[in-house]
file query_1.txt (compact mmCIF, C-alpha atoms and all ligand atoms)
# COMPACT_ATOMS: atom_id res chain seq x y z
CA MET A 116 16.00 54.20 -36.83
CA ALA A 117 17.98 51.23 -35.51
CA ASN A 118 16.27 47.91 -34.86
CA LEU A 119 17.25 46.23 -31.62
CA LEU A 120 16.43 42.68 -30.60
CA TRP A 121 17.19 41.47 -27.05
CA LEU A 122 17.09 37.77 -26.17
CA GLN A 123 17.86 35.96 -22.96
CA GLY A 124 19.60 32.59 -22.56
CA GLY A 125 20.75 31.02 -19.28
CA ALA A 126 20.20 34.05 -17.12
CA CYS A 127 18.61 35.45 -13.97
CA SER A 128 17.22 38.57 -15.74
CA GLY A 129 19.51 40.75 -13.65
CA ASN A 130 20.76 42.63 -16.68
CA THR A 131 17.22 43.21 -17.88
CA MET A 132 16.41 44.68 -14.46
CA SER A 133 19.51 46.80 -14.70
CA PHE A 134 18.62 47.96 -18.22
CA LEU A 135 15.11 48.95 -17.15
CA ASN A 136 16.62 51.03 -14.32
CA ALA A 137 18.93 53.02 -16.57
CA GLU A 138 18.84 56.79 -16.17
CA GLU A 139 21.45 58.28 -18.45
CA PRO A 140 19.97 57.53 -20.91
CA SER A 141 16.91 55.61 -19.79
CA ALA A 142 15.33 52.72 -21.70
CA CYS A 143 12.56 55.15 -22.78
CA ASP A 144 15.14 57.69 -24.00
CA LEU A 145 16.51 55.01 -26.32
CA VAL A 146 13.19 55.00 -28.12
CA THR A 147 12.14 58.64 -27.91
CA ASP A 148 15.49 60.44 -28.24
CA PHE A 149 17.78 58.04 -30.03
CA GLY A 150 15.46 56.41 -32.54
CA ILE A 151 15.96 52.87 -31.34
CA ASN A 152 13.18 50.50 -32.27
CA VAL A 153 12.99 47.67 -29.76
CA LEU A 154 11.78 44.79 -31.94
CA TRP A 155 11.44 42.49 -28.98
CA HIS A 156 12.71 42.17 -25.42
CA PRO A 157 11.77 39.48 -22.86
CA SER A 158 10.17 42.02 -20.52
CA LEU A 159 8.88 44.50 -23.09
CA GLY A 160 8.03 42.49 -26.19
CA VAL A 161 4.35 42.02 -27.01
CA GLU A 162 4.59 39.28 -29.64
CA LEU A 163 4.01 35.73 -28.53
CA GLY A 164 3.96 32.28 -30.10
CA ASP A 165 3.74 32.23 -33.90
CA ASN A 166 4.07 36.01 -34.17
CA LEU A 167 7.34 35.97 -32.25
CA GLN A 168 8.67 33.08 -34.32
CA LYS A 169 7.83 34.99 -37.48
CA LEU A 170 9.59 38.09 -36.18
CA LEU A 171 12.71 36.10 -35.36
CA ARG A 172 12.66 34.34 -38.73
CA ASP A 173 12.30 37.69 -40.48
CA CYS A 174 15.34 38.97 -38.61
CA VAL A 175 17.32 35.93 -39.69
CA SER A 176 16.23 36.19 -43.33
CA GLY A 177 16.82 39.92 -43.55
CA ALA A 178 13.15 40.76 -44.15
CA ILE A 179 13.56 42.87 -41.02
CA SER A 180 16.97 44.46 -40.80
CA LEU A 181 18.55 43.58 -37.50
CA ASP A 182 20.90 46.37 -36.47
CA ILE A 183 21.69 45.40 -32.89
CA PHE A 184 21.36 41.94 -31.43
CA VAL A 185 21.68 42.06 -27.65
CA PHE A 186 22.13 38.80 -25.81
CA GLU A 187 21.82 38.35 -22.05
CA GLY A 188 22.63 35.04 -20.37
CA THR A 189 24.72 32.08 -21.39
CA VAL A 190 24.38 29.97 -24.47
CA VAL A 191 23.16 26.70 -22.97
CA ASN A 192 24.47 23.61 -24.78
CA ALA A 193 23.20 20.90 -22.42
CA PRO A 194 22.32 18.14 -22.71
CA ASN A 195 25.15 16.79 -24.82
CA GLY A 196 25.52 19.83 -27.00
CA THR A 197 21.89 19.89 -28.12
CA GLY A 198 20.81 23.01 -26.22
CA GLU A 199 17.46 21.41 -25.45
CA TRP A 200 17.60 22.63 -21.86
CA ASN A 201 16.96 26.15 -23.09
CA ARG A 202 14.27 26.06 -25.75
CA PHE A 203 12.80 29.30 -27.05
CA ALA A 204 10.26 30.02 -29.75
CA GLY A 205 10.07 26.42 -30.87
CA ARG A 206 13.74 25.41 -30.92
CA PRO A 207 16.93 25.48 -28.84
CA MET A 208 17.93 29.06 -28.12
CA LYS A 209 21.47 28.35 -29.34
CA GLN A 210 20.15 27.89 -32.88
CA TRP A 211 18.48 31.32 -32.80
CA VAL A 212 21.64 32.86 -31.39
CA ASN A 213 23.77 31.36 -34.11
CA GLU A 214 21.53 32.62 -36.92
CA LEU A 215 20.70 36.02 -35.43
CA ALA A 216 24.35 36.80 -34.67
CA LYS A 217 25.18 36.21 -38.34
CA ALA A 218 22.31 38.44 -39.46
CA ALA A 219 23.01 41.35 -37.11
CA GLN A 220 25.08 44.42 -37.87
CA PHE A 221 26.28 44.48 -34.26
CA VAL A 222 26.19 41.87 -31.51
CA VAL A 223 26.32 43.06 -27.91
CA ALA A 224 26.74 40.64 -24.99
CA ILE A 225 25.35 42.07 -21.78
CA GLY A 226 26.42 40.74 -18.39
CA ASP A 227 28.91 38.07 -17.36
CA CYS A 228 26.82 35.12 -18.52
CA ALA A 229 26.65 36.35 -22.09
CA THR A 230 30.23 37.60 -22.16
CA TRP A 231 32.13 34.72 -20.53
CA GLY A 232 29.71 32.31 -18.95
CA GLY A 233 29.51 33.87 -15.49
CA ILE A 234 27.94 31.92 -12.68
CA PRO A 235 26.19 29.26 -14.83
CA ALA A 236 29.55 28.27 -16.32
CA THR A 237 31.13 27.79 -12.90
CA ALA A 238 32.61 24.29 -12.55
CA PRO A 239 31.21 21.72 -13.09
CA ASN A 240 29.09 23.77 -15.53
CA PRO A 241 26.12 21.38 -15.69
CA SER A 242 24.30 23.43 -18.32
CA GLU A 243 27.38 23.31 -20.62
CA SER A 244 27.16 27.08 -20.73
CA GLN A 245 29.33 29.33 -22.88
CA GLY A 246 29.62 33.06 -23.37
CA LEU A 247 29.09 34.38 -26.88
CA GLN A 248 32.77 34.73 -27.71
CA PHE A 249 34.56 33.66 -24.54
CA LEU A 250 34.38 30.89 -21.98
CA LYS A 251 35.95 32.47 -18.95
CA ARG A 252 39.37 33.64 -20.21
CA ASP A 253 39.39 31.42 -23.29
CA HIS A 254 38.67 33.19 -26.53
CA GLY A 255 36.17 31.38 -28.74
CA GLY A 256 33.00 30.73 -26.82
CA PHE A 257 29.87 29.81 -28.71
CA LEU A 258 30.41 31.93 -31.82
CA GLY A 259 34.10 31.13 -32.20
CA LYS A 260 37.26 33.21 -32.21
CA SER A 261 36.92 34.52 -35.72
CA PHE A 262 33.33 35.70 -35.48
CA VAL A 263 32.65 39.25 -36.57
CA SER A 264 29.22 40.71 -37.07
CA ARG A 265 28.14 42.20 -40.40
CA ALA A 266 29.57 45.57 -39.44
CA GLY A 267 32.95 43.88 -38.96
CA LEU A 268 33.19 44.00 -35.18
CA PRO A 269 33.53 41.07 -32.78
CA VAL A 270 30.95 40.74 -30.01
CA ILE A 271 30.96 43.89 -27.89
CA ASN A 272 31.22 42.65 -24.31
CA VAL A 273 29.59 44.65 -21.53
CA PRO A 274 30.27 42.45 -18.51
CA GLY A 275 29.07 42.77 -14.93
CA CYS A 276 26.86 40.79 -12.64
CA PRO A 277 24.80 42.69 -13.52
CA ALA A 278 26.23 45.35 -15.81
CA HIS A 279 25.58 48.91 -14.61
CA PRO A 280 22.42 50.30 -16.27
CA ASP A 281 24.23 53.20 -17.90
CA TRP A 282 27.02 51.03 -19.35
CA ILE A 283 24.30 49.14 -21.18
CA THR A 284 22.30 52.05 -22.54
CA GLN A 285 25.32 54.19 -23.38
CA ILE A 286 26.88 51.42 -25.44
CA VAL A 287 23.59 50.68 -27.17
CA VAL A 288 23.20 54.37 -28.02
CA ALA A 289 26.76 54.61 -29.31
CA VAL A 290 26.14 51.66 -31.62
CA ALA A 291 22.71 52.87 -32.74
CA THR A 292 23.93 56.37 -33.54
CA GLY A 293 26.86 55.16 -35.63
CA ARG A 294 29.53 56.12 -33.12
CA THR A 295 31.15 52.70 -33.04
CA SER A 296 34.44 54.22 -34.13
CA ASP A 297 34.49 55.83 -30.67
CA ILE A 298 34.27 52.41 -29.04
CA THR A 299 37.67 50.84 -28.75
CA LEU A 300 37.71 47.41 -27.21
CA ASP A 301 40.25 45.82 -24.85
CA GLU A 302 41.64 42.28 -25.13
CA PHE A 303 38.37 40.92 -23.72
CA GLN A 304 36.32 43.01 -26.15
CA ARG A 305 35.12 45.35 -23.40
CA PRO A 306 34.68 49.02 -24.34
CA ARG A 307 37.74 50.78 -23.01
CA THR A 308 35.78 53.84 -22.05
CA PHE A 309 34.28 51.88 -19.16
CA PHE A 310 36.79 49.16 -18.52
CA GLN A 311 40.21 50.78 -18.70
CA SER A 312 40.37 51.98 -15.11
CA PHE A 313 39.90 49.91 -11.97
CA THR A 314 37.09 49.67 -9.44
CA GLN A 315 39.63 51.23 -7.14
CA THR A 316 39.74 54.39 -9.26
CA GLY A 317 37.67 56.82 -7.23
CA CYS A 318 37.21 54.53 -4.24
CA THR A 319 36.86 56.57 -1.06
CA ARG A 320 39.05 54.06 0.77
CA ASN A 321 42.13 54.69 -1.33
CA MET A 322 44.00 56.37 1.50
CA HIS A 323 43.44 53.31 3.64
CA PHE A 324 44.69 51.14 0.82
CA ALA A 325 47.78 53.31 0.61
CA TYR A 326 48.41 53.35 4.35
CA LYS A 327 47.53 49.68 4.75
CA VAL A 328 44.71 50.06 7.20
CA SER A 329 42.31 47.16 6.96
CA ALA A 330 38.53 47.06 7.28
CA THR A 331 37.85 43.89 9.20
CA GLU A 332 34.04 43.90 9.04
CA PHE A 333 31.44 44.76 6.39
CA GLY A 334 30.21 48.34 6.49
CA GLN A 335 33.13 49.61 8.58
CA ARG A 336 33.80 53.22 7.78
CA LYS A 337 37.53 53.00 8.32
CA GLY A 338 39.88 50.84 6.35
CA CYS A 339 40.33 49.24 2.97
CA LEU A 340 38.57 46.01 2.07
CA PHE A 341 41.53 44.51 0.21
CA TYR A 342 43.44 43.07 3.12
CA ASP A 343 40.80 40.92 4.79
CA LEU A 344 37.50 40.97 3.00
CA GLY A 345 38.72 39.98 -0.45
CA CYS A 346 38.14 43.28 -2.28
CA ARG A 347 39.22 42.87 -5.90
CA GLY A 348 39.11 46.61 -6.59
CA PRO A 349 42.83 46.92 -7.45
CA MET A 350 42.66 44.16 -10.10
CA THR A 351 39.18 44.64 -11.53
CA HIS A 352 38.49 46.76 -14.58
CA SER A 353 35.29 48.68 -13.94
CA PRO A 354 34.15 52.27 -13.46
CA CYS A 355 32.07 51.47 -10.35
CA ASN A 356 33.55 54.36 -8.39
CA ARG A 357 33.38 56.76 -11.34
CA ILE A 358 29.89 55.99 -12.58
CA LEU A 359 28.18 55.44 -9.28
CA TRP A 360 25.38 52.96 -8.70
CA ASN A 361 22.00 54.61 -8.26
CA ARG A 362 24.07 57.78 -8.76
CA VAL A 363 25.04 57.79 -5.09
CA SER A 364 27.25 54.91 -4.10
CA SER A 365 29.22 51.80 -4.90
CA LYS A 366 29.96 48.55 -3.18
CA THR A 367 33.22 49.72 -1.68
CA ARG A 368 31.76 53.04 -0.55
CA ALA A 369 29.14 51.09 1.35
CA GLY A 370 31.78 48.85 2.94
CA MET A 371 31.27 45.85 0.70
CA PRO A 372 34.21 44.35 -1.21
CA CYS A 373 34.32 44.38 -4.99
CA LEU A 374 33.87 40.79 -6.20
CA GLY A 375 35.56 41.41 -9.51
CA CYS A 376 32.39 40.82 -11.46
CA THR A 377 33.60 42.43 -14.69
CA GLU A 378 36.51 40.01 -15.09
CA PRO A 379 36.29 36.71 -17.01
CA GLU A 380 37.11 34.53 -13.98
CA PHE A 381 34.12 35.75 -12.01
CA PRO A 382 33.00 34.09 -9.75
CA PHE A 383 36.57 33.65 -8.53
CA PHE A 384 37.86 30.33 -7.20
CA ASP A 385 34.61 28.72 -8.44
CA LEU A 386 32.94 29.82 -5.21
CA ALA A 387 34.84 27.21 -3.18
CA PRO A 388 33.92 27.42 0.51
CA GLY A 389 35.96 30.08 2.30
CA THR A 390 36.91 32.00 -0.84
CA VAL A 391 34.07 34.51 -0.94
CA PHE A 392 34.56 37.82 0.90
CA LYS A 393 37.92 36.58 2.13
CA THR A 394 41.32 37.66 0.90
CA GLN A 395 43.18 34.51 -0.08
CA THR A 396 46.66 34.44 1.39
CA VAL A 397 49.73 32.26 1.37
CA MET A 398 51.74 32.61 4.59
CA GLY A 399 50.08 35.94 5.33
CA VAL A 400 50.66 37.47 1.86
CA PRO A 401 47.66 37.96 -0.51
CA LYS A 402 47.54 35.47 -3.40
CA ASP A 403 46.23 38.09 -5.82
CA LEU A 404 48.21 41.30 -5.65
CA PRO A 405 47.19 44.60 -7.24
CA THR A 406 47.71 44.48 -11.02
CA GLY A 407 51.36 45.18 -11.83
CA VAL A 408 52.73 44.70 -8.29
CA ASP A 409 54.97 41.72 -7.41
CA LYS A 410 55.36 40.14 -3.99
CA LYS A 411 58.73 41.70 -3.21
CA SER A 412 57.56 45.21 -4.08
CA TYR A 413 54.35 44.62 -2.17
CA ILE A 414 56.20 43.76 1.01
CA ALA A 415 58.53 46.74 0.61
CA LEU A 416 55.57 49.01 -0.10
CA THR A 417 53.74 47.80 2.96
CA GLY A 418 56.67 48.52 5.26
CA ALA A 419 57.09 52.01 3.83
CA ALA A 420 53.36 52.77 3.90
CA LYS A 421 52.96 51.65 7.50
CA ASN A 422 55.88 53.82 8.55
CA ALA A 423 54.45 56.82 6.75
CA ALA A 424 50.82 56.37 7.79
CA PRO A 425 49.44 59.50 9.46
CA GLU A 426 47.51 59.25 12.69
CA TRP A 427 44.18 60.17 11.07
CA ALA A 428 44.32 57.11 8.82
CA GLU A 429 43.68 55.00 11.89
CA ARG A 430 40.50 56.78 12.86
CA ASP A 431 36.92 56.24 11.73
CA ILE A 432 36.68 59.04 9.24
CA PHE A 433 33.70 58.21 7.08
CA VAL A 434 31.06 60.06 9.00
CA VAL A 435 27.79 60.24 7.08
CA MET B 207 43.95 60.31 28.35
CA GLN B 208 42.68 57.61 30.67
CA HIS B 209 42.04 55.16 27.83
CA GLU B 210 45.56 55.47 26.46
CA ARG B 211 47.07 55.06 29.91
CA GLU B 212 45.14 51.85 30.39
CA GLU B 213 46.44 50.56 27.08
CA ASP B 214 50.00 51.51 28.06
CA VAL B 215 49.67 49.66 31.34
CA LEU B 216 48.29 46.56 29.63
CA ARG B 217 51.03 46.70 26.98
CA ALA B 218 53.70 46.83 29.67
CA ASP B 219 51.99 44.00 31.50
CA ILE B 220 51.93 41.83 28.35
CA ALA B 221 55.59 42.68 27.71
CA ALA B 222 56.44 41.53 31.22
CA ARG B 223 54.53 38.26 30.78
CA LEU B 224 56.28 37.52 27.50
CA ALA B 225 59.67 38.48 28.94
CA ALA B 226 59.04 36.15 31.87
CA GLY B 227 58.81 33.30 29.38
CA LEU B 228 55.07 32.84 28.87
CA GLN B 229 54.78 29.76 26.64
CA THR B 230 52.66 30.49 23.56
CA GLN B 231 51.70 28.35 20.57
CA THR B 232 53.90 29.64 17.76
CA ALA B 233 53.34 26.43 15.77
CA PRO B 234 51.88 25.47 13.43
CA LEU B 235 52.32 28.52 11.21
CA ILE B 236 49.21 29.75 9.45
CA GLU B 237 49.61 28.82 5.79
CA ASN B 238 46.24 29.57 4.28
CA ASP B 239 42.86 31.13 4.89
CA ARG B 240 41.23 28.00 6.17
CA GLN B 241 43.77 27.75 8.97
CA PHE B 242 43.46 31.46 9.60
CA ALA B 243 39.68 31.14 9.92
CA GLU B 244 40.05 28.18 12.28
CA LEU B 245 42.39 30.11 14.55
CA LEU B 246 40.03 33.08 14.52
CA ALA B 247 37.18 30.77 15.49
CA SER B 248 39.18 29.43 18.44
CA LEU B 249 40.01 32.98 19.53
CA ARG B 250 36.33 33.87 19.38
CA GLY B 251 35.70 31.17 21.93
CA LEU B 252 37.73 33.12 24.51
CA ARG B 253 36.37 35.85 26.77
CA ALA B 254 37.30 39.34 25.55
CA ASP B 255 39.34 39.95 28.73
CA ASP B 256 41.23 36.64 28.58
CA VAL B 257 44.54 38.24 27.66
CA ASP B 258 46.65 35.20 28.52
CA GLY B 259 44.40 33.00 26.39
CA LYS B 260 44.78 35.34 23.41
CA LEU B 261 48.56 35.48 23.82
CA LYS B 262 48.87 31.71 24.04
CA LEU B 263 46.54 30.81 21.19
CA GLY B 264 47.84 33.65 19.02
CA GLY B 265 51.42 32.45 19.55
CA PHE B 266 52.71 35.85 20.63
CA VAL B 267 56.45 36.48 20.87
CA ASP B 268 58.16 39.72 21.88
CA HIS B 269 60.55 39.79 18.93
CA PRO B 270 60.39 39.57 15.10
CA PHE B 271 59.77 36.04 13.91
CA GLY B 272 61.18 33.75 11.23
CA GLY B 273 63.59 34.24 8.36
CA GLU B 274 61.55 37.13 6.98
CA GLN B 275 61.61 38.86 10.36
CA MET B 276 57.85 39.24 10.48
CA ARG B 277 56.61 41.68 13.09
CA CYS B 278 53.58 43.75 14.07
CA GLN B 279 55.09 46.89 12.51
CA GLU B 280 54.28 45.68 8.97
CA CYS B 281 51.20 43.65 9.86
CA MET B 282 47.88 44.68 8.36
CA TYR B 283 46.22 44.88 11.73
CA TYR B 284 48.78 47.04 13.44
CA LEU B 285 47.81 50.64 14.09
CA VAL B 286 51.17 52.43 14.18
CA HIS B 287 50.21 55.46 16.22
CA ARG B 288 48.08 53.70 18.76
CA LYS B 289 50.48 50.75 18.95
CA TRP B 290 47.43 48.56 18.81
CA CYS B 291 46.44 45.27 17.18
CA ASP B 292 43.16 46.07 15.44
CA LEU B 293 42.19 42.47 14.65
CA PRO B 294 38.84 42.28 16.49
CA GLU B 295 39.60 38.81 17.86
CA LEU B 296 42.80 40.10 19.50
CA ALA B 297 42.19 43.84 20.10
CA LEU B 298 45.30 44.27 22.24
CA PRO B 299 48.00 46.91 22.76
CA VAL B 300 51.22 45.61 21.20
CA GLU B 301 54.78 46.67 20.44
CA PRO B 302 55.93 47.03 16.80
CA SER B 303 58.65 44.42 17.25
CA TRP B 304 56.29 41.66 18.42
CA TRP B 305 54.71 39.00 16.27
CA CYS B 306 51.86 36.54 16.41
CA ARG B 307 50.50 33.79 14.16
CA LEU B 308 47.73 36.01 12.81
CA TRP B 309 50.31 38.18 11.04
CA ARG B 310 49.38 39.17 7.53
CA ILE B 311 50.51 41.82 5.15
S1 LIG C 501 38.15 49.08 -0.70
FE1 LIG C 501 38.73 47.91 -2.54
S2 LIG C 501 38.58 49.38 -4.22
FE2 LIG C 501 38.59 50.56 -2.32
S3 LIG C 501 40.74 51.12 -1.97
FE3 LIG C 501 40.37 49.19 -0.89
S4 LIG C 501 40.95 47.58 -2.35
FE4 LIG C 501 40.68 49.47 -3.51
S1 LIG C 502 32.21 46.93 -7.45
FE1 LIG C 502 33.15 45.12 -8.38
S2 LIG C 502 31.70 43.44 -8.01
FE2 LIG C 502 30.60 45.39 -7.70
S3 LIG C 502 29.68 45.86 -9.67
FE3 LIG C 502 31.66 46.89 -9.63
S4 LIG C 502 33.10 45.46 -10.60
FE4 LIG C 502 31.26 44.32 -10.04
S1 LIG C 503 47.82 40.20 14.23
FE1 LIG C 503 49.58 39.61 15.42
S2 LIG C 503 51.32 40.33 14.20
FE2 LIG C 503 49.50 41.40 13.47
S3 LIG C 503 49.46 43.32 14.68
FE3 LIG C 503 48.17 41.81 15.72
S4 LIG C 503 49.55 40.93 17.21
FE4 LIG C 503 50.82 41.91 15.70
call {"tool": "encode", "arguments": {"input": "query_1.txt", "output": "structure tokens", "more": "lines below"}}
Ligand code: SF4
Ligand code: SF4
Ligand code: SF4
result
Amino acid sequence: MANLLWLQGGACSGNTMSFLNAEEPSACDLVTDFGINVLWHPSLGVELGDNLQKLLRDCVSGAISLDIFVFEGTVVNAPNGTGEWNRFAGRPMKQWVNELAKAAQFVVAIGDCATWGGIPATAPNPSESQGLQFLKRDHGGFLGKSFVSRAGLPVINVPGCPAHPDWITQIVVAVATGRTSDITLDEFQRPRTFFQSFTQTGCTRNMHFAYKVSATEFGQRKGCLFYDLGCRGPMTHSPCNRILWNRVSSKTRAGMPCLGCTEPEFPFFDLAPGTVFKTQTVMGVPKDLPTGVDKKSYIALTGAAKNAAPEWAERDIFVV
Amino acid sequence: MQHEREEDVLRADIAARLAAGLQTQTAPLIENDRQFAELLASLRGLRADDVDGKLKLGGFVDHPFGGEQMRCQECMYYLVHRKWCDLPELALPVEPSWWCRLWRI
């Protein structure tokens, strides 16, 4: 039996919604098949008021052993570092987070807000939000660079806006069943199993990426979304085209560009007008090139790809 | 096919207009997305069959342009086999050696 506590800071509840929609395994499977005891969760917990405060205090003191502490949302520090803008169970949430993270065997940050600040931490960051162990790309965040939980691991980051339901439950199960040695983390503390490949891996528009045929409107069946519509698939680490959403599709399959939501900079360019759904270019060349490709190679590649493009690549081939 | 013939005729017609010295707005060059969006917005103000208007606003020339020899052949919107500019605001038959200000790679 592993005790799991889930709290929510500066958040929209998107990751909770995602979690409750999980299928492999589902939130119920966590309890019935994997012996996870959900101590409390904002949408599932029954304790209120004094009872909830007591439960939280018992987790901090060790009277209840806290195996997995899941945090969704940012750590809110406003105003002036006090955290008073996000009070929970009688005190600023940041104080609970600080104490519970120290008491837990494992700490799991779910979603962009908890991992690196996400949308609330977008400039000018009025809520003084931080992720648990990162603020955007900067290591540290609320708990500090050197933080490790009692089991000796840093915060396990499962980013996404929201994270895919199955990324959440599969990581929770791996932790609860003692398979943490299977979880290797990348430089941003994301489990490699999910975040080693790119959104582009498995995208049905890969041939259009290769032959440089652009989709110029949302939902178009022909073309790749990289050239005009700002798709970040070639530079975003996610398995969105391997572990499909709702088991059937993904953004790019539906003709919607990847926004890069699993990367620390999300939302990119601080949502400045004209930067969303639009490939940013300098003199006609994209500002952000696919990971590992420089401008010179990109131009050479484009010339070669255009010359080699077969006739069918120019036709509408995604017929449903 | 009828459709292709029509495109060939229009392409030849555009080539003739450019060769005859049709003055188009090749400046200023498009440096960023804001300028690109503004030019697209101006093009959207034209009627779909206003070929001259598209050529002038787009800054079409019938040869590669600039030090980097930019041309339709490598442009993102160029469909090689159809010899067609697939940017919805232009949607014109073109030659691979032409260029316009909407060029991007
Ligand atoms: S649509 Fe996006 S993910 Fe798919 S091939 Fe194009 S750039 Fe890659
Ligand atoms: S496709 Fe991109 S933006 Fe969408 S969920 Fe996946 S990583 Fe996030
Ligand atoms: S946008 Fe301009 S350069 Fe690109 S294919 Fe069309 S006409 Fe040619």
call {"tool": "closest_residue", "arguments": {"input": "query_1.txt", "among": "A:Ser329, A:Thr284, A:Ser412, A:Asn118", "to": "chain B", "atoms": "all atoms listed in the file"}}
result
A:Ser329
call {"tool": "closest_residue", "arguments": {"input": "query_1.txt", "among": "A:Val397, A:Cys318, A:Ala238, A:Ala428", "to": "chain B", "atoms": "all atoms listed in the file"}}
result
A:Val397
call {"tool": "interface_residues", "arguments": {"input": "query_1.txt", "of": "chain A", "to": "chain B", "cutoff": "10 Å", "atoms": "all atoms listed in the file", "output": "JSON list (two decimals) with C-alpha atoms, in the coordinates of the input"}}
result
[["chain", "number", "residue", "atom", "x", "y", "z"],
["A", 326, "TYR", "CA", 48.41, 53.35, 4.35],
["A", 327, "LYS", "CA", 47.53, 49.68, 4.75],
["A", 328, "VAL", "CA", 44.71, 50.06, 7.20],
["A", 329, "SER", "CA", 42.31, 47.16, 6.96],
["A", 330, "ALA", "CA", 38.53, 47.06, 7.28],
["A", 331, "THR", "CA", 37.85, 43.89, 9.20],
["A", 332, "GLU", "CA", 34.04, 43.90, 9.04],
["A", 342, "TYR", "CA", 43.44, 43.07, 3.12],
["A", 343, "ASP", "CA", 40.80, 40.92, 4.79],
["A", 388, "PRO", "CA", 33.92, 27.42, 0.51],
["A", 389, "GLY", "CA", 35.96, 30.08, 2.30],
["A", 390, "THR", "CA", 36.91, 32.00, -0.84],
["A", 393, "LYS", "CA", 37.92, 36.58, 2.13],
["A", 394, "THR", "CA", 41.32, 37.66, 0.90],
["A", 395, "GLN", "CA", 43.18, 34.51, -0.08],
["A", 396, "THR", "CA", 46.66, 34.44, 1.39],
["A", 397, "VAL", "CA", 49.73, 32.26, 1.37],
["A", 398, "MET", "CA", 51.74, 32.61, 4.59],
["A", 399, "GLY", "CA", 50.08, 35.94, 5.33],
["A", 400, "VAL", "CA", 50.66, 37.47, 1.86],
["A", 401, "PRO", "CA", 47.66, 37.96, -0.51],
["A", 402, "LYS", "CA", 47.54, 35.47, -3.40],
["A", 413, "TYR", "CA", 54.35, 44.62, -2.17],
["A", 414, "ILE", "CA", 56.20, 43.76, 1.01],
["A", 415, "ALA", "CA", 58.53, 46.74, 0.61],
["A", 416, "LEU", "CA", 55.57, 49.01, -0.10],
["A", 417, "THR", "CA", 53.74, 47.80, 2.96],
["A", 418, "GLY", "CA", 56.67, 48.52, 5.26],
["A", 419, "ALA", "CA", 57.09, 52.01, 3.83],
["A", 420, "ALA", "CA", 53.36, 52.77, 3.90],
["A", 421, "LYS", "CA", 52.96, 51.65, 7.50],
["A", 422, "ASN", "CA", 55.88, 53.82, 8.55],
["A", 423, "ALA", "CA", 54.45, 56.82, 6.75],
["A", 424, "ALA", "CA", 50.82, 56.37, 7.79],
["A", 425, "PRO", "CA", 49.44, 59.50, 9.46],
["A", 426, "GLU", "CA", 47.51, 59.25, 12.69],
["A", 427, "TRP", "CA", 44.18, 60.17, 11.07],
["A", 428, "ALA", "CA", 44.32, 57.11, 8.82],
["A", 429, "GLU", "CA", 43.68, 55.00, 11.89],
["A", 430, "ARG", "CA", 40.50, 56.78, 12.86]]
call {"tool": "atom_distance", "arguments": {"input": "query_1.txt", "atom1": "atom CA of Pro354 of chain A", "atom2": "atom S2 of ligand LIG 501 (chain C)"}}
result
10.6 Å
call {"tool": "atom_distance", "arguments": {"input": "query_1.txt", "atom1": "atom CA of Phe249 of chain A", "atom2": "atom CA of Trp231 of chain A"}}
result
4.8 Å
call {"tool": "atom_distance", "arguments": {"input": "query_1.txt", "atom1": "atom CA of Phe341 of chain A", "atom2": "atom CA of Thr230 of chain A"}}
result
26.0 Å
call {"tool": "residues_around", "arguments": {"input": "query_1.txt", "residues": "Asp214 of chain B", "least_positions_apart": "3", "cutoff": "12 Å", "atoms": "all atoms listed in the file", "output": "VMD selection string"}}
result
chain B and resid 207 to 211 217 to 221 288 to 290 298 to 301
call {"tool": "write_last_selection", "arguments": {"input": "query_1.txt", "atoms": "C-alpha atoms", "output": "PDB file, in the frame of the given file"}}
result
ATOM      1  CA  MET B 207      43.950  60.310  28.350  1.00  0.00           C
ATOM      2  CA  GLN B 208      42.680  57.610  30.670  1.00  0.00           C
ATOM      3  CA  HIS B 209      42.040  55.160  27.830  1.00  0.00           C
ATOM      4  CA  GLU B 210      45.560  55.470  26.460  1.00  0.00           C
ATOM      5  CA  ARG B 211      47.070  55.060  29.910  1.00  0.00           C
ATOM      6  CA  ARG B 217      51.030  46.700  26.980  1.00  0.00           C
ATOM      7  CA  ALA B 218      53.700  46.830  29.670  1.00  0.00           C
ATOM      8  CA  ASP B 219      51.990  44.000  31.500  1.00  0.00           C
ATOM      9  CA  ILE B 220      51.930  41.830  28.350  1.00  0.00           C
ATOM     10  CA  ALA B 221      55.590  42.680  27.710  1.00  0.00           C
ATOM     11  CA  ARG B 288      48.080  53.700  18.760  1.00  0.00           C
ATOM     12  CA  LYS B 289      50.480  50.750  18.950  1.00  0.00           C
ATOM     13  CA  TRP B 290      47.430  48.560  18.810  1.00  0.00           C
ATOM     14  CA  LEU B 298      45.300  44.270  22.240  1.00  0.00           C
ATOM     15  CA  PRO B 299      48.000  46.910  22.760  1.00  0.00           C
ATOM     16  CA  VAL B 300      51.220  45.610  21.200  1.00  0.00           C
ATOM     17  CA  GLU B 301      54.780  46.670  20.440  1.00  0.00           C
TER      18      GLU B 301
END
call {"tool": "residues_near_ligand", "arguments": {"input": "query_1.txt", "ligand": "ligand LIG 501 (chain C)", "cutoff": "7 Å", "atoms": "only C-alpha atoms and all ligand atoms", "output": "PyMOL selection string"}}
result
chain A and resi 314-315+318-321+323-324+339-341+346-349+367+372-373
call {"tool": "closest_residue", "arguments": {"input": "query_1.txt", "among": "B:Glu295, B:Glu244, B:Asp256, B:Glu212", "to": "ligand LIG 503 (chain C)", "atoms": "only C-alpha atoms and all ligand atoms"}}
result
B:Glu295
call {"tool": "closest_residue", "arguments": {"input": "query_1.txt", "among": "B:Cys278, B:Leu245, B:Asp268, B:Trp305", "to": "Gly227 of chain B", "atoms": "only C-alpha atoms"}}
result
B:Asp268
